[in-house]
>>> print(open('final-v1.cif').read())   # mmCIF, C-alpha atoms
data_model
#
loop_
_atom_site.label_atom_id
_atom_site.label_comp_id
_atom_site.auth_asym_id
_atom_site.auth_seq_id
_atom_site.Cartn_x
_atom_site.Cartn_y
_atom_site.Cartn_z
CA MET A 1 140.24 54.35 -53.21
CA THR A 2 142.45 54.01 -50.13
CA ALA A 3 145.21 55.86 -48.40
CA THR A 4 147.87 54.50 -46.07
CA TRP A 5 148.06 55.49 -42.44
CA ALA A 6 151.53 54.72 -41.12
CA LEU A 7 152.18 54.65 -37.38
CA GLY A 8 155.74 54.40 -36.16
CA THR A 9 156.11 52.52 -32.84
CA ALA A 10 158.85 50.77 -30.95
CA ALA A 11 157.28 47.48 -32.03
CA GLY A 12 157.44 48.37 -35.72
CA ARG A 13 155.36 50.21 -38.30
CA VAL A 14 151.72 49.41 -38.79
CA GLN A 15 150.04 50.14 -42.10
CA VAL A 16 146.39 51.02 -41.72
CA GLU A 17 144.14 51.48 -44.73
CA LEU A 18 141.59 54.25 -44.52
CA SER A 19 139.18 55.46 -47.14
CA SER A 20 140.50 58.66 -48.69
CA ARG A 21 136.89 59.74 -49.21
CA ALA A 22 136.17 59.60 -45.47
CA ALA A 23 135.72 62.89 -43.66
CA PRO A 24 138.32 63.74 -40.98
CA VAL A 25 137.60 62.74 -37.39
CA VAL A 26 139.07 63.97 -34.13
CA ALA A 27 140.59 61.45 -31.71
CA VAL A 28 141.21 62.21 -28.04
CA ASP A 29 143.07 60.08 -25.49
CA LEU A 30 142.45 61.63 -22.09
CA GLY A 31 144.51 60.05 -19.34
CA GLY A 32 145.67 60.82 -15.84
CA THR A 33 149.06 62.17 -16.92
CA HIS A 34 148.79 63.03 -20.62
CA ILE A 35 146.22 64.12 -23.15
CA ARG A 36 146.64 63.35 -26.84
CA VAL A 37 144.49 65.05 -29.48
CA ALA A 38 144.77 64.10 -33.13
CA ILE A 39 142.86 64.81 -36.32
CA THR A 40 142.87 62.36 -39.20
CA GLY A 41 143.06 63.30 -42.82
CA PRO A 42 143.27 61.28 -46.03
CA GLY A 43 146.73 60.07 -45.06
CA GLY A 44 146.30 59.48 -41.34
CA PHE A 45 147.14 61.84 -38.45
CA GLU A 46 147.40 65.27 -40.02
CA ARG A 47 148.02 66.79 -36.63
CA LEU A 48 148.85 65.34 -33.18
CA VAL A 49 149.10 67.39 -29.99
CA VAL A 50 150.38 65.84 -26.75
CA ARG A 51 150.19 67.71 -23.46
CA ARG A 52 150.36 66.97 -19.77
CA THR A 53 146.84 66.67 -18.41
CA ALA A 54 147.88 68.86 -15.49
CA GLU A 55 148.60 71.68 -17.95
CA LEU A 56 144.89 72.02 -18.71
CA PRO A 57 143.04 74.38 -16.35
CA ASN A 58 140.84 72.48 -13.88
CA VAL A 59 137.68 74.60 -13.65
CA ASP A 60 135.26 74.00 -10.79
CA GLY A 61 132.32 71.94 -11.99
CA GLN A 62 133.81 71.56 -15.48
CA GLY A 63 137.16 69.95 -14.82
CA VAL A 64 139.53 70.02 -17.78
CA LEU A 65 136.73 70.26 -20.36
CA PRO A 66 137.28 73.95 -21.25
CA GLY A 67 140.98 73.26 -21.82
CA LEU A 68 140.19 70.12 -23.80
CA ILE A 69 137.78 72.01 -26.07
CA ALA A 70 140.38 74.73 -26.65
CA THR A 71 143.02 72.08 -27.47
CA ILE A 72 140.71 70.42 -30.01
CA HIS A 73 139.99 73.80 -31.66
CA GLU A 74 143.74 74.45 -31.82
CA THR A 75 144.44 71.02 -33.32
CA ILE A 76 141.77 71.40 -35.99
CA ALA A 77 142.94 74.91 -36.90
CA ALA A 78 146.58 73.82 -37.15
CA SER A 79 145.79 70.78 -39.31
CA GLY A 80 145.04 72.90 -42.36
CA LEU A 81 142.38 70.49 -43.60
CA SER A 82 139.80 72.02 -45.91
CA VAL A 83 137.10 69.50 -44.91
CA PRO A 84 135.61 69.91 -41.41
CA ALA A 85 135.88 67.12 -38.85
CA ALA A 86 132.78 64.94 -38.86
CA ALA A 87 132.96 63.09 -35.50
CA ILE A 88 134.94 62.91 -32.26
CA GLY A 89 136.10 59.77 -30.47
CA VAL A 90 137.29 60.03 -26.87
CA ALA A 91 139.26 57.40 -24.96
CA VAL A 92 139.19 58.24 -21.26
CA ALA A 93 140.82 56.63 -18.22
CA ALA A 94 137.51 56.11 -16.42
CA HIS A 95 134.58 53.73 -16.09
CA VAL A 96 132.24 54.50 -18.98
CA GLY A 97 128.67 53.21 -19.31
CA PRO A 98 127.16 51.91 -22.53
CA SER A 99 125.73 55.31 -23.50
CA GLY A 100 128.98 57.19 -22.93
CA LEU A 101 128.24 58.31 -19.38
CA ILE A 102 131.31 58.45 -17.13
CA LEU A 103 130.35 56.55 -13.98
CA GLN A 104 132.69 58.24 -11.51
CA SER A 105 134.52 61.56 -11.53
CA ARG A 106 138.28 61.28 -11.94
CA PRO A 107 140.74 63.30 -9.86
CA PHE A 108 142.55 64.68 -12.93
CA GLY A 109 139.53 66.77 -13.92
CA ILE A 110 136.97 64.45 -15.53
CA PRO A 111 133.41 64.99 -14.24
CA ALA A 112 130.96 62.13 -13.85
CA GLY A 113 127.95 61.83 -16.14
CA GLY A 114 127.58 62.88 -19.75
CA ALA A 115 129.46 66.17 -19.56
CA VAL A 116 132.39 65.07 -21.77
CA ARG A 117 130.12 63.76 -24.51
CA ASP A 118 127.55 66.57 -24.33
CA ARG A 119 129.97 69.50 -24.00
CA LEU A 120 132.04 68.34 -26.97
CA SER A 121 128.93 67.70 -29.06
CA ASP A 122 127.58 71.18 -28.24
CA ALA A 123 130.93 72.85 -28.90
CA PHE A 124 131.54 71.25 -32.30
CA GLY A 125 128.06 70.24 -33.48
CA ILE A 126 129.14 66.74 -34.52
CA PRO A 127 128.61 63.21 -33.14
CA VAL A 128 130.76 62.29 -30.15
CA VAL A 129 131.52 58.85 -28.71
CA VAL A 130 133.20 58.32 -25.32
CA ASP A 131 134.60 55.01 -24.11
CA ASN A 132 137.10 53.56 -21.68
CA ASP A 133 140.69 53.81 -22.94
CA ALA A 134 141.51 50.13 -22.42
CA ASN A 135 138.34 49.11 -24.29
CA LEU A 136 139.36 51.28 -27.22
CA ALA A 137 142.94 50.00 -27.09
CA ALA A 138 141.51 46.49 -27.41
CA ALA A 139 139.31 47.54 -30.33
CA ALA A 140 142.32 49.09 -32.07
CA GLU A 141 144.68 46.13 -31.59
CA VAL A 142 142.01 43.69 -32.79
CA ALA A 143 141.05 45.87 -35.75
CA ILE A 144 144.52 46.70 -37.07
CA GLY A 145 147.17 45.57 -34.60
CA ALA A 146 148.63 42.53 -32.88
CA GLY A 147 145.22 40.96 -32.30
CA ARG A 148 144.07 41.25 -35.89
CA GLY A 149 142.13 38.17 -37.03
CA LEU A 150 141.37 37.04 -33.46
CA ARG A 151 137.99 37.13 -31.72
CA ASP A 152 138.94 36.46 -28.09
CA VAL A 153 141.72 38.79 -26.96
CA SER A 154 142.65 40.42 -23.67
CA VAL A 155 144.56 43.68 -24.11
CA ILE A 156 146.47 44.69 -20.97
CA THR A 157 147.43 48.37 -20.91
CA LEU A 158 150.57 49.01 -18.90
CA GLY A 159 151.22 52.66 -18.25
CA THR A 160 150.92 54.85 -15.19
CA ASN A 161 148.27 52.35 -14.05
CA ILE A 162 147.03 48.98 -15.33
CA GLY A 163 143.98 48.58 -17.54
CA LEU A 164 142.29 45.74 -19.37
CA GLY A 165 140.21 45.63 -22.53
CA ILE A 166 138.42 42.35 -23.14
CA MET A 167 137.27 41.20 -26.57
CA ALA A 168 135.10 38.07 -26.43
CA ASP A 169 133.67 36.59 -29.61
CA GLY A 170 134.58 39.82 -31.38
CA ARG A 171 132.80 42.14 -28.94
CA ILE A 172 134.03 44.36 -26.13
CA VAL A 173 133.02 43.01 -22.71
CA ARG A 174 131.66 45.94 -20.74
CA GLY A 175 129.77 44.36 -17.86
CA ALA A 176 126.41 45.46 -16.54
CA HIS A 177 127.53 49.03 -15.79
CA GLY A 178 130.50 49.50 -18.11
CA ALA A 179 133.09 48.79 -15.42
CA ALA A 180 134.37 45.38 -16.54
CA GLY A 181 138.10 44.93 -17.02
CA GLU A 182 139.48 47.12 -14.23
CA ALA A 183 142.38 44.74 -13.71
CA GLY A 184 144.50 47.27 -11.85
CA THR A 185 142.03 47.33 -8.97
CA LEU A 186 142.33 43.61 -8.20
CA LEU A 187 143.05 43.12 -4.51
CA MET A 188 146.29 41.45 -3.51
CA PRO A 189 147.24 40.34 0.04
CA ALA A 190 149.75 42.74 1.57
CA ARG A 191 151.17 43.65 4.96
CA ARG A 192 149.83 46.99 6.15
CA GLY A 193 151.93 47.70 9.25
CA ARG A 194 151.44 46.31 12.73
CA ASP A 195 147.76 47.22 12.92
CA GLY A 196 147.04 46.19 9.33
CA ARG A 197 145.72 49.64 8.48
CA ALA A 198 148.77 51.67 7.45
CA GLY A 199 148.58 53.50 4.14
CA PHE A 200 151.74 51.75 2.95
CA ALA A 201 151.67 48.10 1.86
CA ARG A 202 154.33 45.46 1.27
CA ALA A 203 153.37 42.45 -0.81
CA GLY A 204 156.38 40.16 -0.92
CA ARG A 205 157.32 39.41 -4.52
CA LEU A 206 154.98 42.15 -5.77
CA GLY A 207 156.79 45.07 -4.14
CA HIS A 208 155.41 47.88 -2.03
CA GLY A 209 153.70 51.23 -2.28
CA ALA A 210 151.15 53.66 -0.91
CA THR A 211 147.64 52.19 -0.93
CA GLY A 212 144.04 53.03 -0.16
CA ALA A 213 142.88 49.39 -0.26
CA PRO A 214 141.14 47.66 2.69
CA ALA A 215 143.25 46.54 5.63
CA GLY A 216 145.52 43.65 4.72
CA TYR A 217 145.41 44.31 0.97
CA ALA A 218 146.73 46.53 -1.81
CA LEU A 219 145.56 47.11 -5.36
CA LEU A 220 147.58 45.40 -8.08
CA GLU A 221 148.39 48.69 -9.83
CA GLU A 222 149.55 50.17 -6.52
CA LEU A 223 152.25 47.50 -6.53
CA VAL A 224 153.20 46.97 -10.19
CA GLY A 225 151.69 49.83 -12.19
CA GLY A 226 154.17 52.19 -13.84
CA ALA A 227 153.81 54.97 -11.26
CA ALA A 228 154.07 52.48 -8.39
CA LEU A 229 157.22 50.90 -9.82
CA LEU A 230 158.94 54.27 -10.16
CA SER A 231 157.86 55.38 -6.71
CA SER A 232 159.04 52.15 -5.09
CA MET A 233 162.38 52.41 -6.88
CA GLU A 234 162.98 55.94 -5.66
CA SER A 235 161.64 55.37 -2.16
CA PRO A 236 162.34 51.78 -1.09
CA ALA A 237 161.99 52.37 2.63
CA GLY A 238 158.52 53.86 2.71
CA PRO A 239 156.01 56.24 1.12
CA ASN A 240 157.34 59.48 -0.27
CA MET A 241 154.83 62.00 -1.56
CA ARG A 242 157.33 63.84 -3.75
CA SER A 243 158.33 60.57 -5.43
CA ALA A 244 154.67 59.67 -5.90
CA GLN A 245 154.01 63.03 -7.53
CA ARG A 246 156.98 62.59 -9.87
CA ALA A 247 155.79 59.08 -10.67
CA ALA A 248 152.35 60.38 -11.60
CA GLY A 249 153.92 62.59 -14.26
CA THR A 250 155.73 59.83 -16.16
CA VAL A 251 155.18 56.28 -17.26
CA ALA A 252 158.16 54.52 -15.75
CA GLY A 253 161.15 56.81 -15.96
CA GLY A 254 163.28 54.34 -17.92
CA ILE A 255 163.06 51.53 -15.35
CA PHE A 256 163.55 48.74 -17.91
CA PRO A 257 166.56 50.30 -19.68
CA ARG A 258 168.10 51.04 -16.29
CA ALA A 259 167.55 47.43 -15.23
CA ALA A 260 169.18 46.20 -18.46
CA ALA A 261 172.17 48.46 -17.69
CA GLY A 262 172.65 46.83 -14.28
CA ASP A 263 170.83 49.21 -11.91
CA ARG A 264 169.98 46.92 -8.97
CA ARG A 265 167.03 48.93 -7.73
CA ALA A 266 165.57 48.98 -11.22
CA GLN A 267 166.16 45.24 -11.52
CA SER A 268 164.22 44.73 -8.30
CA ALA A 269 161.33 46.81 -9.67
CA VAL A 270 161.36 44.79 -12.90
CA ARG A 271 161.22 41.51 -10.95
CA HIS A 272 158.17 42.82 -9.07
CA ALA A 273 156.56 43.92 -12.33
CA LEU A 274 157.06 40.60 -14.10
CA GLU A 275 155.71 38.65 -11.15
CA GLY A 276 152.62 40.84 -10.84
CA TRP A 277 151.90 40.88 -14.56
CA ALA A 278 152.36 37.10 -14.80
CA MET A 279 149.92 36.60 -11.92
CA LEU A 280 147.40 38.85 -13.64
CA ILE A 281 147.73 36.88 -16.88
CA ALA A 282 147.34 33.57 -15.01
CA ASN A 283 144.16 34.81 -13.35
CA LEU A 284 142.77 36.01 -16.68
CA VAL A 285 143.55 32.64 -18.26
CA ALA A 286 141.47 30.99 -15.55
CA LEU A 287 138.59 33.45 -16.02
CA LEU A 288 138.57 34.19 -19.75
CA ASP A 289 140.79 31.72 -21.64
CA PRO A 290 141.59 34.22 -24.45
CA GLU A 291 143.33 33.29 -27.70
CA ALA A 292 146.04 35.83 -26.95
CA PHE A 293 147.14 38.56 -24.58
CA VAL A 294 148.30 41.82 -26.13
CA LEU A 295 150.45 44.11 -23.98
CA SER A 296 149.93 47.75 -24.82
CA GLY A 297 150.65 51.20 -23.40
CA GLY A 298 153.64 53.42 -22.81
CA LEU A 299 155.43 51.10 -20.39
CA VAL A 300 155.56 48.27 -22.92
CA GLU A 301 157.56 50.35 -25.40
CA GLU A 302 160.63 50.21 -23.18
CA ALA A 303 160.21 46.59 -22.02
CA PRO A 304 160.59 44.27 -25.06
CA ALA A 305 163.71 42.58 -23.69
CA PHE A 306 161.71 41.43 -20.67
CA ILE A 307 158.81 39.87 -22.58
CA GLU A 308 160.46 36.45 -22.75
CA PRO A 309 160.94 36.27 -18.96
CA LEU A 310 157.30 37.29 -18.59
CA ARG A 311 156.22 34.53 -20.98
CA ARG A 312 158.23 31.96 -19.03
CA ARG A 313 156.83 33.03 -15.68
CA ALA A 314 153.25 33.11 -16.98
CA ALA A 315 153.74 29.62 -18.45
CA ASP A 316 154.82 28.43 -14.98
CA LEU A 317 151.52 29.68 -13.53
CA CYS A 318 149.15 28.48 -16.28
CA PRO A 319 147.99 24.99 -17.35
CA LEU A 320 149.01 25.83 -20.94
CA PRO A 321 151.52 28.54 -21.98
CA PRO A 322 149.51 31.65 -22.93
CA ASP A 323 150.10 33.50 -26.19
CA ILE A 324 151.55 36.87 -25.06
CA ARG A 325 152.22 39.50 -27.71
CA ILE A 326 153.51 43.06 -27.73
CA GLY A 327 150.93 45.44 -29.17
CA ASP A 328 151.60 47.07 -32.50
CA LEU A 329 150.24 50.49 -31.53
CA GLY A 330 152.15 51.28 -28.34
CA ALA A 331 151.14 54.38 -26.40
CA GLN A 332 148.88 55.42 -29.28
CA SER A 333 146.55 52.42 -28.93
CA GLY A 334 143.86 54.39 -27.11
CA LEU A 335 144.11 57.19 -29.66
CA VAL A 336 143.79 54.79 -32.58
CA GLY A 337 140.85 53.16 -30.81
CA ALA A 338 139.23 56.58 -30.55
CA VAL A 339 139.55 56.88 -34.35
CA VAL A 340 137.90 53.47 -34.76
CA ALA A 341 135.08 54.54 -32.43
CA ALA A 342 134.62 57.90 -34.16
CA ARG A 343 134.40 56.21 -37.56
CA SER A 344 131.81 53.81 -36.15
CA VAL A 345 129.61 56.52 -34.62
CA LEU A 346 129.91 58.56 -37.82
CA GLN A 347 128.68 55.64 -39.92
CA ALA A 348 125.75 55.11 -37.53
CA HIS A 349 124.92 58.82 -37.69
CA ILE A 350 124.99 58.83 -41.50
CA ALA A 351 122.76 55.75 -41.60
CA THR A 352 120.26 57.36 -39.21
CA GLU A 353 120.20 60.59 -41.18
CA ALA A 354 119.66 58.68 -44.43
CA THR A 355 116.78 56.73 -42.89
CA LEU A 356 115.10 59.92 -41.67
CA ASP A 357 115.53 61.46 -45.14
CA GLY A 358 114.20 58.35 -46.81
CA SER A 359 117.33 58.20 -48.94
CA ASP A 360 119.54 55.22 -49.80
CA CYS A 361 122.70 55.34 -47.64
CA SER A 362 124.35 52.40 -49.35
CA THR A 363 126.02 54.48 -52.06
#
>>> encode(input="final-v1.cif", output="structure tokens")
Amino acid sequence: MTATWALGTAAGRVQVELSSRAAPVVAVDLGGTHIRVAITGPGGFERLVVRRTAELPNVDGQGVLPGLIATIHETIAASGLSVPAAAIGVAVAAHVGPSGLILQSRPFGIPAGGAVRDRLSDAFGIPVVVDNDANLAAAAEVAIGAGRGLRDVSVITLGTNIGLGIMADGRIVRGAHGAAGEAGTLLMPARRGRDGRAGFARAGRLGHGATGAPAGYALLEELVGGAALLSSMESPAGPNMRSAQRAAGTVAGGIFPRAAAGDRRAQSAVRHALEGWAMLIANLVALLDPEAFVLSGGLVEEAPAFIEPLRRRAADLCPLPPDIRIGDLGAQSGLVGAVVAARSVLQAHIATEATLDGSDCST
């Protein structure tokens, strides 16, 4: 028996079949600017709560975890489901090791180590899985989205920053420590003032922005990530902390619609974005040779009219034109991936429990 899970996105509606007998799971997408918490029921998301990450209290030593736990309790209570949630999946904008350990603390209130996994497991008494948000976006798009039926897919998440989830031969590529796919941290040559050390970088066709990269370089996402594009558009002459703070609270502030309407500064930002994204795709073609690239994340939802120019520019840079697709799941790709992960850890937990009981878990 199945039920239909319908997700409405700018790219269209995706129908996802879920077992109506499956217990509800909680999905969390914890990013630098926004947190999304959802609980699934027989028909899909019974309840979805979206908040600014900065709205959660940042407690010393615990980060945003107390606020996250309270938000999950609130979401479950408001869902009205009679069956308790059976697992939690968490997509987080951080490097995550194979066992769910976060490798480095994040400035928006995510502690390093196993605190996210362990605190949630203790608070709710159910299995918890934690993974990188781009990895889970890739898992979601391959399972039910634009990459369905493919085994080698690179999912580029374009939002406040730039992420990459790599599926190779049907498996997520994590690297030795869980830090593979951090495409936004690729170093690009850039002018850094007369002494080469200024905290503001200009990179020709890739734009400009504040940077913490080594002298003579900038990170790719500091030049063509969503926050960087907005900041550069509002402050073309140099770094502006107020603009950077505003940029951190949004995805792109309507840059693509403004460019389509004739805003010259927005058009300049779009040119930078397309050049940087095309260069990233060309480099990934040389390294990975995927069947397709899927563009996902909040920034993509407002950029469909610019996909064809991106395809043309990427084709100019690659031996063969790459297959570039818009994701089906939009800004909810990480959240849907968290559902996929939660279902997977729940199945593993049930199988383990059945083995310990000596019972047959195949029924």
>>> atom_distance(input="final-v1.cif", atom1="atom CA of A:Ile102", atom2="atom CA of A:Leu150")
28.7 Å
>>> residues_around(input="final-v1.cif", residues="A:Asp289", least_positions_apart="2", cutoff="10 Å", atoms="only C-alpha atoms", output="list in words")
Asp152, Val153, Ser154, Ala168, Ile281, Ala282, Asn283, Leu284, Val285, Ala286, Leu287, Glu291, Ala292, Phe293 and Pro322 of chain A
>>> closest_residue(input="final-v1.cif", among="A:Met233, A:Ala38, A:Ala201, A:Ile324", to="A:Ser268", atoms="all atoms listed in the file")
A:Met233
>>> residues_near_point(input="final-v1.cif", point="(140.1, 60.1, -20.1)", cutoff="10 Å", atoms="all atoms listed in the file", output="VMD selection string")
chain A and resid 28 to 36 53 90 to 96 102 106 108 to 110 116 130 to 133 334
>>> write_last_selection(input="final-v1.cif", atoms="C-alpha atoms", output="CSV table (one decimal), keeping the file's coordinate frame")
chain,number,residue,atom,x,y,z
A,28,VAL,CA,141.2,62.2,-28.0
A,29,ASP,CA,143.1,60.1,-25.5
A,30,LEU,CA,142.4,61.6,-22.1
A,31,GLY,CA,144.5,60.0,-19.3
A,32,GLY,CA,145.7,60.8,-15.8
A,33,THR,CA,149.1,62.2,-16.9
A,34,HIS,CA,148.8,63.0,-20.6
A,35,ILE,CA,146.2,64.1,-23.2
A,36,ARG,CA,146.6,63.4,-26.8
A,53,THR,CA,146.8,66.7,-18.4
A,90,VAL,CA,137.3,60.0,-26.9
A,91,ALA,CA,139.3,57.4,-25.0
A,92,VAL,CA,139.2,58.2,-21.3
A,93,ALA,CA,140.8,56.6,-18.2
A,94,ALA,CA,137.5,56.1,-16.4
A,95,HIS,CA,134.6,53.7,-16.1
A,96,VAL,CA,132.2,54.5,-19.0
A,102,ILE,CA,131.3,58.4,-17.1
A,106,ARG,CA,138.3,61.3,-11.9
A,108,PHE,CA,142.6,64.7,-12.9
A,109,GLY,CA,139.5,66.8,-13.9
A,110,ILE,CA,137.0,64.4,-15.5
A,116,VAL,CA,132.4,65.1,-21.8
A,130,VAL,CA,133.2,58.3,-25.3
A,131,ASP,CA,134.6,55.0,-24.1
A,132,ASN,CA,137.1,53.6,-21.7
A,133,ASP,CA,140.7,53.8,-22.9
A,334,GLY,CA,143.9,54.4,-27.1
>>> resolve_selection(input="final-v1.cif", expression="the PyMOL selection byres ((chain A and resi 193) around 12)", output="PyMOL selection string")
chain A and resi 190-192+194-203+208+210-211+215-217+238
>>> closest_residue(input="final-v1.cif", among="A:Leu48, A:Ala341, A:Ile126, A:Ala273", to="A:Glu222", atoms="only C-alpha atoms")
A:Ala273
>>> resolve_selection(input="final-v1.cif", expression="the PyMOL selection byres ((chain A and resi 81) around 10)", output="ChimeraX atom specification")
/A:24,39-42,46-47,76-80,82-85
>>> closest_residue(input="final-v1.cif", among="A:Arg312, A:Gln332, A:Leu219, A:Leu206", to="A:Val270", atoms="all atoms listed in the file")
A:Leu206
>>> closest_residue(input="final-v1.cif", among="A:Ile88, A:Met279, A:Leu101, A:Leu68", to="A:His177", atoms="only C-alpha atoms")
A:Leu101
>>> resolve_selection(input="final-v1.cif", expression="the PyMOL selection byres ((chain A and resi 256-262) around 10)", output="mmCIF file with C-alpha atoms, in the frame of the given file")
data_model
loop_
_atom_site.group_PDB
_atom_site.id
_atom_site.type_symbol
_atom_site.label_atom_id
_atom_site.label_comp_id
_atom_site.auth_asym_id
_atom_site.auth_seq_id
_atom_site.Cartn_x
_atom_site.Cartn_y
_atom_site.Cartn_z
ATOM 1 C CA ALA A 252 158.160 54.520 -15.750
ATOM 2 C CA GLY A 253 161.150 56.810 -15.960
ATOM 3 C CA GLY A 254 163.280 54.340 -17.920
ATOM 4 C CA ILE A 255 163.060 51.530 -15.350
ATOM 5 C CA ASP A 263 170.830 49.210 -11.910
ATOM 6 C CA ARG A 264 169.980 46.920 -8.970
ATOM 7 C CA ARG A 265 167.030 48.930 -7.730
ATOM 8 C CA ALA A 266 165.570 48.980 -11.220
ATOM 9 C CA GLN A 267 166.160 45.240 -11.520
ATOM 10 C CA SER A 268 164.220 44.730 -8.300
ATOM 11 C CA ALA A 269 161.330 46.810 -9.670
ATOM 12 C CA VAL A 270 161.360 44.790 -12.900
ATOM 13 C CA ARG A 271 161.220 41.510 -10.950
ATOM 14 C CA LEU A 299 155.430 51.100 -20.390
ATOM 15 C CA VAL A 300 155.560 48.270 -22.920
ATOM 16 C CA GLU A 301 157.560 50.350 -25.400
ATOM 17 C CA GLU A 302 160.630 50.210 -23.180
ATOM 18 C CA ALA A 303 160.210 46.590 -22.020
ATOM 19 C CA PRO A 304 160.590 44.270 -25.060
ATOM 20 C CA ALA A 305 163.710 42.580 -23.690
ATOM 21 C CA PHE A 306 161.710 41.430 -20.670
#
>>> atom_distance(input="final-v1.cif", atom1="atom CA of A:Leu329", atom2="atom CA of A:Gly276")
23.0 Å
